[in-house]
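First up is the structure itself, then whatever we jot down about it.
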Amino acid sequence: MIPSVNSFDDVDGCLRALEAAQGAQLEIIVIDRLGEHVRHFIRREHPGVTVRAVPPETTIPQMRALGIRQASSPATAVIEDHVIVPEGWAKAMLDALHDAGDQIGAVGGPVDNAATENRVDWAAFLCEYSSTLPPLPAGSATWLPGNNVIYPTEILRKHDAVLDRNAWEGALHDAILEGGNPLAMRPDIIVGHKMHYTMGLYLSQRYYYSRSFASVRGAQMPFLKRLAAGAAALVVLPPLMFIRTVARVRGKSPYNAHLVASLPMLVPFCISWGLGEAAGFWFGGGNALAKVR
């Protein structure tokens, strides 16, 4: 299942990689909010793909929920329109789900950078995906990436109410764990994240995501606690996320040179992160979640 939120070029590249790398019979579902011009080209270039139209303001979590509910296969995988899967990815994911056992709730794998041409793309990727960089430990996991993951469809049906929360995959994965079904990490099943940014685009995306995330956390907080959380987001969060990103990446030698080149850009990116969370705690999410792509 693929939410289409960026451009035809993005989803076209994703679908071409997916179609070339199948190794298994797939039901490919694209949920598109970009418009009929994009859907026309998807249908023309990828006639075996099911395309469903949604309004432009539909959020990515809502699009995922629609695609999951439309899926009829025993297993449902979720990626994104800027994810490039490797050869044999579909079969590897299905085999991993089968090998994990009957009680498994989900299996996921790392996300690496596939947009390697410029420093802005690297800095944006490291800021957002430092936790998903390979290598990752194999076996039981407390979290999984939301754009390289496969679920038994019957497990998703048990958590239909969670899909209605308009929340990111963390809420679903927490519910799966609480329901007694473990998560498993497969560090050998790696996808590429091919998203191109300008400084302005990523600053805005980091802000929108962080604002939407904090608004959910703050919704149940009393007023004074929300004020304090917003202040902490402004003052504490930017240096904390900068240090955490550097620490995660520094231990993985293939990325050290890209980390050094990215350091000046990580500073404003982490500041935008803090501004977004402060706004989310203080003023709510507004329409930030609908602007995330």
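Ligands are numbered from 1 in the order shown, residues from 1 within each chain, and chains are lettered A, B, ... in the order they appear in the structure tokens.
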Would you write out, as JSON lines, a table of all residues in range 129-177 of chain A that have an atom no more than 10 Å from an atom of range 240-250 of chain A, listing for each the closest atom pair and the distance in Å to one decimal, considering only C-alpha atoms and ordering rows by chain and rising residue number?
{"residue": "A:Tyr129", "atom": "CA", "partner": "A:Thr245", "partner_atom": "CA", "distance": 8.8}
{"residue": "A:Ser130", "atom": "CA", "partner": "A:Thr245", "partner_atom": "CA", "distance": 6.0}
{"residue": "A:Ser131", "atom": "CA", "partner": "A:Arg248", "partner_atom": "CA", "distance": 6.7}
{"residue": "A:Thr132", "atom": "CA", "partner": "A:Arg248", "partner_atom": "CA", "distance": 9.5}
{"residue": "A:Leu133", "atom": "CA", "partner": "A:Val249", "partner_atom": "CA", "distance": 7.8}
{"residue": "A:Pro134", "atom": "CA", "partner": "A:Val249", "partner_atom": "CA", "distance": 9.9}
Any chance you can output those residues with N, CA, C and O atoms as a PDB file, in the first residue's frame?
ATOM      1  N   TYR A 129      15.812  10.136   9.750  1.00  0.00           N
ATOM      2  CA  TYR A 129      15.891   8.676   9.700  1.00  0.00           C
ATOM      3  C   TYR A 129      17.130   8.101  10.379  1.00  0.00           C
ATOM      4  O   TYR A 129      17.492   6.954  10.109  1.00  0.00           O
ATOM      5  N   SER A 130      17.756   8.859  11.268  1.00  0.00           N
ATOM      6  CA  SER A 130      18.948   8.327  11.930  1.00  0.00           C
ATOM      7  C   SER A 130      18.649   7.032  12.684  1.00  0.00           C
ATOM      8  O   SER A 130      19.516   6.158  12.802  1.00  0.00           O
ATOM      9  N   SER A 131      17.422   6.901  13.193  1.00  0.00           N
ATOM     10  CA  SER A 131      17.077   5.692  13.962  1.00  0.00           C
ATOM     11  C   SER A 131      16.871   4.469  13.082  1.00  0.00           C
ATOM     12  O   SER A 131      16.868   3.338  13.586  1.00  0.00           O
ATOM     13  N   THR A 132      16.686   4.661  11.778  1.00  0.00           N
ATOM     14  CA  THR A 132      16.395   3.534  10.889  1.00  0.00           C
ATOM     15  C   THR A 132      17.610   3.075  10.087  1.00  0.00           C
ATOM     16  O   THR A 132      17.502   2.151   9.288  1.00  0.00           O
ATOM     17  N   LEU A 133      18.754   3.731  10.271  1.00  0.00           N
ATOM     18  CA  LEU A 133      19.929   3.413   9.468  1.00  0.00           C
ATOM     19  C   LEU A 133      20.427   2.002   9.753  1.00  0.00           C
ATOM     20  O   LEU A 133      20.507   1.584  10.913  1.00  0.00           O
ATOM     21  N   PRO A 134      20.781   1.272   8.699  1.00  0.00           N
ATOM     22  CA  PRO A 134      21.414  -0.018   8.940  1.00  0.00           C
ATOM     23  C   PRO A 134      22.851   0.190   9.443  1.00  0.00           C
ATOM     24  O   PRO A 134      23.458   1.222   9.169  1.00  0.00           O
TER      25      PRO A 134
END
- Query: Can you tell me, as a ChimeraX atom specification, what residues are no more than 12 Å from Cys14 in chain A when counting only C-alpha atoms, ignoring any on the same chain fewer than 5 positions away?
  - Reply: /A:1-4,6-9,19-21,28,30,42,46,79-86,114,191-195
- Task: Name all residues at most 10 Å from Ile68 in chain A (count only C-alpha atoms; drop same-chain ones fewer than 3 positions away) and give them as a list in words.
- Result: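 What passes the distance filter is Met1, Ile2, Ile29, Gln62, Met63, Arg64, Ala65, Ala71, Ser72, Ser73, Ala75, Thr76, Ala77, Val78, Tyr151, Thr153, Leu156, Arg157, Asp160 and Leu163 of chain A.
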Next, write the just-selected residues to a file, as a PDB file, in the first residue's frame, keeping N, CA and C atoms as the atom set.
ATOM      1  N   MET A   1       0.843  -1.176   0.000  1.00  0.00           N
ATOM      2  CA  MET A   1       0.000   0.000   0.000  1.00  0.00           C
ATOM      3  C   MET A   1       0.888   1.239   0.000  1.00  0.00           C
ATOM      4  N   ILE A   2       0.561   2.198  -0.890  1.00  0.00           N
ATOM      5  CA  ILE A   2       1.428   3.358  -1.088  1.00  0.00           C
ATOM      6  C   ILE A   2       0.593   4.632  -1.080  1.00  0.00           C
ATOM      7  N   ILE A  29      -1.780  -1.210  -4.162  1.00  0.00           N
ATOM      8  CA  ILE A  29      -2.810  -0.191  -3.976  1.00  0.00           C
ATOM      9  C   ILE A  29      -2.135   1.155  -3.761  1.00  0.00           C
ATOM     10  N   GLN A  62      -4.469   8.812   7.345  1.00  0.00           N
ATOM     11  CA  GLN A  62      -5.791   8.492   6.796  1.00  0.00           C
ATOM     12  C   GLN A  62      -5.669   7.703   5.497  1.00  0.00           C
ATOM     13  N   MET A  63      -4.704   8.061   4.666  1.00  0.00           N
ATOM     14  CA  MET A  63      -4.497   7.337   3.406  1.00  0.00           C
ATOM     15  C   MET A  63      -4.052   5.907   3.675  1.00  0.00           C
ATOM     16  N   ARG A  64      -3.168   5.737   4.646  1.00  0.00           N
ATOM     17  CA  ARG A  64      -2.751   4.380   5.003  1.00  0.00           C
ATOM     18  C   ARG A  64      -3.945   3.557   5.480  1.00  0.00           C
ATOM     19  N   ALA A  65      -4.787   4.168   6.303  1.00  0.00           N
ATOM     20  CA  ALA A  65      -5.955   3.441   6.813  1.00  0.00           C
ATOM     21  C   ALA A  65      -6.872   3.011   5.669  1.00  0.00           C
ATOM     22  N   ALA A  71      -7.234  -3.512   1.191  1.00  0.00           N
ATOM     23  CA  ALA A  71      -6.412  -4.683   0.876  1.00  0.00           C
ATOM     24  C   ALA A  71      -7.178  -5.972   1.152  1.00  0.00           C
ATOM     25  N   SER A  72      -7.037  -6.927   0.253  1.00  0.00           N
ATOM     26  CA  SER A  72      -7.710  -8.210   0.401  1.00  0.00           C
ATOM     27  C   SER A  72      -6.741  -9.369   0.569  1.00  0.00           C
ATOM     28  N   SER A  73      -5.447  -9.102   0.541  1.00  0.00           N
ATOM     29  CA  SER A  73      -4.437 -10.152   0.661  1.00  0.00           C
ATOM     30  C   SER A  73      -4.244 -10.551   2.120  1.00  0.00           C
ATOM     31  N   ALA A  75      -1.539 -10.686   3.755  1.00  0.00           N
ATOM     32  CA  ALA A  75      -0.525  -9.826   4.348  1.00  0.00           C
ATOM     33  C   ALA A  75      -0.569  -8.471   3.669  1.00  0.00           C
ATOM     34  N   THR A  76      -0.336  -7.416   4.441  1.00  0.00           N
ATOM     35  CA  THR A  76      -0.382  -6.050   3.914  1.00  0.00           C
ATOM     36  C   THR A  76       0.918  -5.345   4.260  1.00  0.00           C
ATOM     37  N   ALA A  77       1.630  -4.889   3.236  1.00  0.00           N
ATOM     38  CA  ALA A  77       2.870  -4.130   3.432  1.00  0.00           C
ATOM     39  C   ALA A  77       2.606  -2.658   3.145  1.00  0.00           C
ATOM     40  N   VAL A  78       3.337  -1.799   3.832  1.00  0.00           N
ATOM     41  CA  VAL A  78       3.200  -0.354   3.664  1.00  0.00           C
ATOM     42  C   VAL A  78       4.574   0.233   3.345  1.00  0.00           C
ATOM     43  N   TYR A 151       2.399  -6.532   7.690  1.00  0.00           N
ATOM     44  CA  TYR A 151       1.530  -7.000   8.767  1.00  0.00           C
ATOM     45  C   TYR A 151       0.676  -8.169   8.263  1.00  0.00           C
ATOM     46  N   THR A 153      -2.788  -9.291   7.680  1.00  0.00           N
ATOM     47  CA  THR A 153      -3.976  -8.445   7.518  1.00  0.00           C
ATOM     48  C   THR A 153      -4.971  -8.674   8.650  1.00  0.00           C
ATOM     49  N   LEU A 156      -4.248  -6.364  11.457  1.00  0.00           N
ATOM     50  CA  LEU A 156      -4.704  -4.999  11.197  1.00  0.00           C
ATOM     51  C   LEU A 156      -6.206  -4.871  11.426  1.00  0.00           C
ATOM     52  N   ARG A 157      -6.953  -5.897  11.074  1.00  0.00           N
ATOM     53  CA  ARG A 157      -8.403  -5.848  11.264  1.00  0.00           C
ATOM     54  C   ARG A 157      -8.762  -5.760  12.752  1.00  0.00           C
ATOM     55  N   ASP A 160      -8.666  -1.942  13.970  1.00  0.00           N
ATOM     56  CA  ASP A 160      -9.316  -1.002  13.063  1.00  0.00           C
ATOM     57  C   ASP A 160      -9.579   0.343  13.739  1.00  0.00           C
ATOM     58  N   LEU A 163      -6.654   2.704  13.554  1.00  0.00           N
ATOM     59  CA  LEU A 163      -6.468   3.337  12.251  1.00  0.00           C
ATOM     60  C   LEU A 163      -7.315   4.605  12.117  1.00  0.00           C
TER      61      LEU A 163
END
- Message: One number please: CA of Lys291 in chain A to CA of Ser204 in chain A, in Å, one decimal.
- Response: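 Computing it gives 9.1 Å between the two atoms.
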- Message: as a list in words, please: the residues near range 47-52 of chain A (cut-off 9 Å, only C-alpha atoms, same-chain neighbours under 3 positions excluded).
- Response: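 Once the nearby chain positions are removed, what remains is Leu15, Glu27, Ile28, Ile29, Val30, Ile31, Asp32, Arg33, Arg39, Ile42, Arg43, Arg44, Leu66 and Gly67 of chain A.
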- Distance CA of Val107 in chain A-CA of Ile190 in chain A, one decimal place?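 If I compute the distance from CA of Val107 in chain A to CA of Ile190 in chain A, I get 12.1 Å.
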- Shortest interatomic distance to Ala115 in chain A - which of A:His196, A:His159, A:His98, A:His258, counting only C-alpha atoms: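 The shortest atom-to-atom distance to Ala115 in chain A comes from A:His196.
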- Task: Extract the full set of alpha helix (DSSP H) residues from range 81-221 of chain A according to DSSP on the backbone, and format it as a PyMOL selection string.
- Result: chain A and resi 89-100+119-129+153-158+160-163+169-178+199-218
Near-Ser140 in chain A list (8 Å; only C-alpha atoms; drop same-chain fewer than 4 positions) as a JSON list (two decimals) with C-alpha atoms, in the first residue's frame:
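Below is the file result34.json, written as the result:
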[["chain", "number", "residue", "atom", "x", "y", "z"],
["A", 182, "PRO", "CA", 5.32, -9.08, 18.93],
["A", 183, "LEU", "CA", 7.16, -6.94, 16.41],
["A", 184, "ALA", "CA", 10.25, -8.23, 14.62],
["A", 185, "MET", "CA", 13.13, -6.40, 12.94]]
Could you pull out all residues of range 34-261 of chain A with a DSSP call of strand (DSSP E) and give them as a CSV table (one decimal) with all heavy atoms, in the first residue's frame?
chain,number,residue,atom,x,y,z
A,50,THR,N,-4.1,-0.7,-8.5
A,50,THR,CA,-5.4,-0.2,-8.0
A,50,THR,C,-5.1,1.2,-7.5
A,50,THR,O,-4.3,1.4,-6.6
A,50,THR,CB,-6.0,-1.0,-6.9
A,50,THR,OG1,-6.3,-2.3,-7.5
A,50,THR,CG2,-7.3,-0.4,-6.5
A,51,VAL,N,-5.8,2.2,-8.0
A,51,VAL,CA,-5.6,3.6,-7.6
A,51,VAL,C,-6.9,4.1,-7.0
A,51,VAL,O,-8.0,4.0,-7.7
A,51,VAL,CB,-5.2,4.5,-8.8
A,51,VAL,CG1,-4.9,5.9,-8.3
A,51,VAL,CG2,-4.0,3.9,-9.5
A,52,ARG,N,-6.8,4.7,-5.9
A,52,ARG,CA,-8.0,5.3,-5.2
A,52,ARG,C,-7.8,6.8,-5.0
A,52,ARG,O,-6.7,7.1,-4.4
A,52,ARG,CB,-8.3,4.6,-3.9
A,52,ARG,CG,-9.6,5.2,-3.2
A,52,ARG,CD,-10.1,4.4,-2.1
A,52,ARG,NE,-11.2,5.0,-1.4
A,52,ARG,CZ,-11.8,4.5,-0.4
A,52,ARG,NH1,-11.5,3.3,0.1
A,52,ARG,NH2,-12.8,5.2,0.2
A,53,ALA,N,-8.7,7.6,-5.3
A,53,ALA,CA,-8.6,9.1,-5.2
A,53,ALA,C,-9.1,9.5,-3.8
A,53,ALA,O,-10.1,9.0,-3.3
A,53,ALA,CB,-9.4,9.8,-6.3
A,75,ALA,N,-1.5,-10.7,3.8
A,75,ALA,CA,-0.5,-9.8,4.3
A,75,ALA,C,-0.6,-8.5,3.7
A,75,ALA,O,-0.8,-8.4,2.5
A,75,ALA,CB,0.9,-10.4,4.2
A,76,THR,N,-0.3,-7.4,4.4
A,76,THR,CA,-0.4,-6.0,3.9
A,76,THR,C,0.9,-5.3,4.3
A,76,THR,O,1.3,-5.2,5.4
A,76,THR,CB,-1.6,-5.3,4.5
A,76,THR,OG1,-2.8,-5.9,4.2
A,76,THR,CG2,-1.6,-3.9,4.0
A,77,ALA,N,1.6,-4.9,3.2
A,77,ALA,CA,2.9,-4.1,3.4
A,77,ALA,C,2.6,-2.7,3.1
A,77,ALA,O,1.8,-2.3,2.3
A,77,ALA,CB,4.0,-4.7,2.5
A,78,VAL,N,3.3,-1.8,3.8
A,78,VAL,CA,3.2,-0.4,3.7
A,78,VAL,C,4.6,0.2,3.3
A,78,VAL,O,5.6,0.0,4.1
A,78,VAL,CB,2.6,0.3,4.9
A,78,VAL,CG1,2.5,1.8,4.8
A,78,VAL,CG2,1.3,-0.3,5.3
A,83,VAL,N,9.9,5.6,-1.7
A,83,VAL,CA,10.7,4.5,-1.2
A,83,VAL,C,11.0,3.6,-2.4
A,83,VAL,O,10.1,3.3,-3.3
A,83,VAL,CB,9.9,3.7,-0.2
A,83,VAL,CG1,10.5,2.3,0.0
A,83,VAL,CG2,10.0,4.4,1.2
A,84,ILE,N,12.2,3.2,-2.6
A,84,ILE,CA,12.7,2.3,-3.6
A,84,ILE,C,13.0,1.0,-3.0
A,84,ILE,O,14.0,0.9,-2.2
A,84,ILE,CB,13.9,2.9,-4.4
A,84,ILE,CG1,13.6,4.3,-4.8
A,84,ILE,CG2,14.3,2.0,-5.5
A,84,ILE,CD1,12.5,4.4,-5.9
A,106,ALA,N,3.9,-7.7,13.3
A,106,ALA,CA,4.5,-7.0,12.1
A,106,ALA,C,6.0,-7.3,12.0
A,106,ALA,O,6.7,-7.6,13.0
A,106,ALA,CB,4.3,-5.5,12.3
A,107,VAL,N,6.5,-7.2,10.8
A,107,VAL,CA,7.9,-7.3,10.5
A,107,VAL,C,8.4,-6.1,9.7
A,107,VAL,O,7.7,-5.7,8.8
A,107,VAL,CB,8.2,-8.6,9.8
A,107,VAL,CG1,9.7,-8.6,9.4
A,107,VAL,CG2,7.9,-9.8,10.5
A,108,GLY,N,9.5,-5.5,10.1
A,108,GLY,CA,10.0,-4.3,9.4
A,108,GLY,C,11.5,-4.4,9.2
A,108,GLY,O,12.2,-5.3,9.7
A,111,VAL,N,15.7,1.6,6.8
A,111,VAL,CA,15.6,2.5,5.7
A,111,VAL,C,16.9,3.2,5.5
A,111,VAL,O,17.4,3.9,6.5
A,111,VAL,CB,14.4,3.5,6.0
A,111,VAL,CG1,14.3,4.5,4.8
A,111,VAL,CG2,13.1,2.8,6.3
A,112,ASP,N,17.4,3.2,4.3
A,112,ASP,CA,18.7,3.8,4.0
A,112,ASP,C,18.4,5.0,3.0
A,112,ASP,O,17.3,5.1,2.4
A,112,ASP,CB,19.7,2.8,3.4
A,112,ASP,CG,21.1,3.2,3.5
A,112,ASP,OD1,21.4,4.4,3.9
A,112,ASP,OD2,22.0,2.4,3.2
A,113,ASN,N,19.4,5.8,2.8
A,113,ASN,CA,19.3,7.0,1.9
A,113,ASN,C,19.5,6.6,0.5
A,113,ASN,O,20.5,6.0,0.2
A,113,ASN,CB,20.2,8.1,2.3
A,113,ASN,CG,19.9,9.4,1.6
A,113,ASN,OD1,18.8,9.6,1.1
A,113,ASN,ND2,20.9,10.2,1.4
A,139,GLY,N,15.6,-9.4,15.4
A,139,GLY,CA,14.8,-10.0,16.3
A,139,GLY,C,13.7,-9.1,16.9
A,139,GLY,O,13.2,-8.2,16.3
A,140,SER,N,13.3,-9.4,18.1
A,140,SER,CA,12.2,-8.7,18.8
A,140,SER,C,12.5,-7.2,18.8
A,140,SER,O,13.6,-6.8,19.1
A,140,SER,CB,12.0,-9.3,20.2
A,140,SER,OG,11.0,-8.6,20.9
A,141,ALA,N,11.4,-6.4,18.6
A,141,ALA,CA,11.6,-5.0,18.5
A,141,ALA,C,10.5,-4.3,19.2
A,141,ALA,O,9.4,-4.8,19.4
A,141,ALA,CB,11.6,-4.5,17.1
A,149,VAL,N,7.4,-2.0,6.2
A,149,VAL,CA,6.8,-2.9,7.2
A,149,VAL,C,5.7,-3.7,6.6
A,149,VAL,O,5.1,-3.3,5.6
A,149,VAL,CB,6.3,-2.0,8.3
A,149,VAL,CG1,5.2,-1.1,7.9
A,149,VAL,CG2,5.8,-2.9,9.5
A,150,ILE,N,5.5,-4.9,7.1
A,150,ILE,CA,4.5,-5.8,6.6
A,150,ILE,C,3.7,-6.4,7.8
A,150,ILE,O,4.3,-6.7,8.9
A,150,ILE,CB,5.0,-7.0,5.8
A,150,ILE,CG1,3.9,-7.8,5.1
A,150,ILE,CG2,6.0,-7.8,6.5
A,150,ILE,CD1,4.4,-8.7,4.0
A,151,TYR,N,2.4,-6.5,7.7
A,151,TYR,CA,1.5,-7.0,8.8
A,151,TYR,C,0.7,-8.2,8.3
A,151,TYR,O,0.3,-8.2,7.1
A,151,TYR,CB,0.5,-5.9,9.2
A,151,TYR,CG,1.1,-4.6,9.5
A,151,TYR,CD1,1.3,-3.6,8.5
A,151,TYR,CD2,1.5,-4.2,10.8
A,151,TYR,CE1,1.8,-2.4,8.7
A,151,TYR,CE2,2.0,-2.9,11.0
A,151,TYR,CZ,2.1,-2.0,10.0
A,151,TYR,OH,2.6,-0.8,10.3
A,152,PRO,N,0.3,-9.1,9.1
A,152,PRO,CA,-0.8,-10.0,8.8
A,152,PRO,C,-2.0,-9.2,8.7
A,152,PRO,O,-2.3,-8.4,9.7
A,152,PRO,CB,-0.8,-11.0,10.0
A,152,PRO,CG,0.5,-10.9,10.6
A,152,PRO,CD,1.0,-9.5,10.4
A,183,LEU,N,6.6,-7.5,17.6
A,183,LEU,CA,7.2,-6.9,16.4
A,183,LEU,C,8.5,-7.5,16.2
A,183,LEU,O,9.2,-7.9,17.1
A,183,LEU,CB,7.3,-5.4,16.6
A,183,LEU,CG,6.1,-4.6,17.0
A,183,LEU,CD1,6.4,-3.2,17.1
A,183,LEU,CD2,4.9,-4.8,16.0
A,184,ALA,N,8.9,-7.6,14.9
A,184,ALA,CA,10.3,-8.2,14.6
A,184,ALA,C,11.0,-7.4,13.6
A,184,ALA,O,10.4,-6.9,12.6
A,184,ALA,CB,10.1,-9.6,14.1
A,185,MET,N,12.3,-7.2,13.9
A,185,MET,CA,13.1,-6.4,12.9
A,185,MET,C,14.0,-7.4,12.1
A,185,MET,O,14.6,-8.3,12.6
A,185,MET,CB,14.1,-5.5,13.7
A,185,MET,CG,15.1,-4.7,12.9
A,185,MET,SD,14.3,-3.5,11.8
A,185,MET,CE,13.8,-2.3,13.0
A,191,VAL,N,15.2,-0.9,2.5
A,191,VAL,CA,14.7,-0.1,1.4
A,191,VAL,C,15.4,1.2,1.3
A,191,VAL,O,16.1,1.7,2.3
A,191,VAL,CB,13.2,0.2,1.5
A,191,VAL,CG1,12.4,-1.1,1.5
A,191,VAL,CG2,12.8,1.0,2.7
A,192,GLY,N,15.3,1.9,0.1
A,192,GLY,CA,16.0,3.2,-0.1
A,192,GLY,C,14.9,4.3,0.0
A,192,GLY,O,13.8,4.2,-0.5
A,193,HIS,N,15.3,5.4,0.7
A,193,HIS,CA,14.4,6.6,0.8
A,193,HIS,C,14.9,7.6,-0.2
A,193,HIS,O,16.0,8.3,0.0
A,193,HIS,CB,14.5,7.1,2.3
A,193,HIS,CG,13.7,8.3,2.5
A,193,HIS,ND1,14.2,9.6,2.3
A,193,HIS,CD2,12.5,8.4,3.1
A,193,HIS,CE1,13.3,10.5,2.7
A,193,HIS,NE2,12.2,9.8,3.1
- Message: Under the rule that only C-alpha atoms are counted, which of A:Pro135, A:Tyr209, A:His40, A:Asp188 is the nearest residue to Ala290 in chain A?
- Response: A:Tyr209
- Message: If we count only C-alpha atoms and set the cut-off at 6 Å, which residues sit around Ile189 in chain A, ignoring sequence neighbours fewer than 2 positions away in its own chain? Please answer as a PyMOL selection string.
- Response: chain A and resi 109+186-187
- Message: For a test of reading the model, state the distance in Å between CA of Arg211 in chain A and CA of Phe269 in chain A, rounded to one decimal.
- Response: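 Computing it gives 13.6 Å between the two atoms.
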- Would you mind listing what lies within 8 Å of Val292 in chain A as a list in words, with only C-alpha atoms counted and same-chain residues fewer than 6 positions away left out?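 Skipping anything fewer than 6 positions along the chain leaves Thr59, Ile60, Gln205, Tyr208 and Tyr209 of chain A.
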- Given the choices A:Phe281, A:Ala123, A:Leu94, A:Asp102, which gets closest to Phe223 in chain A if the distance is worked out from only C-alpha atoms?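 With only C-alpha atoms as the atom set, the closest residue is A:Phe281.
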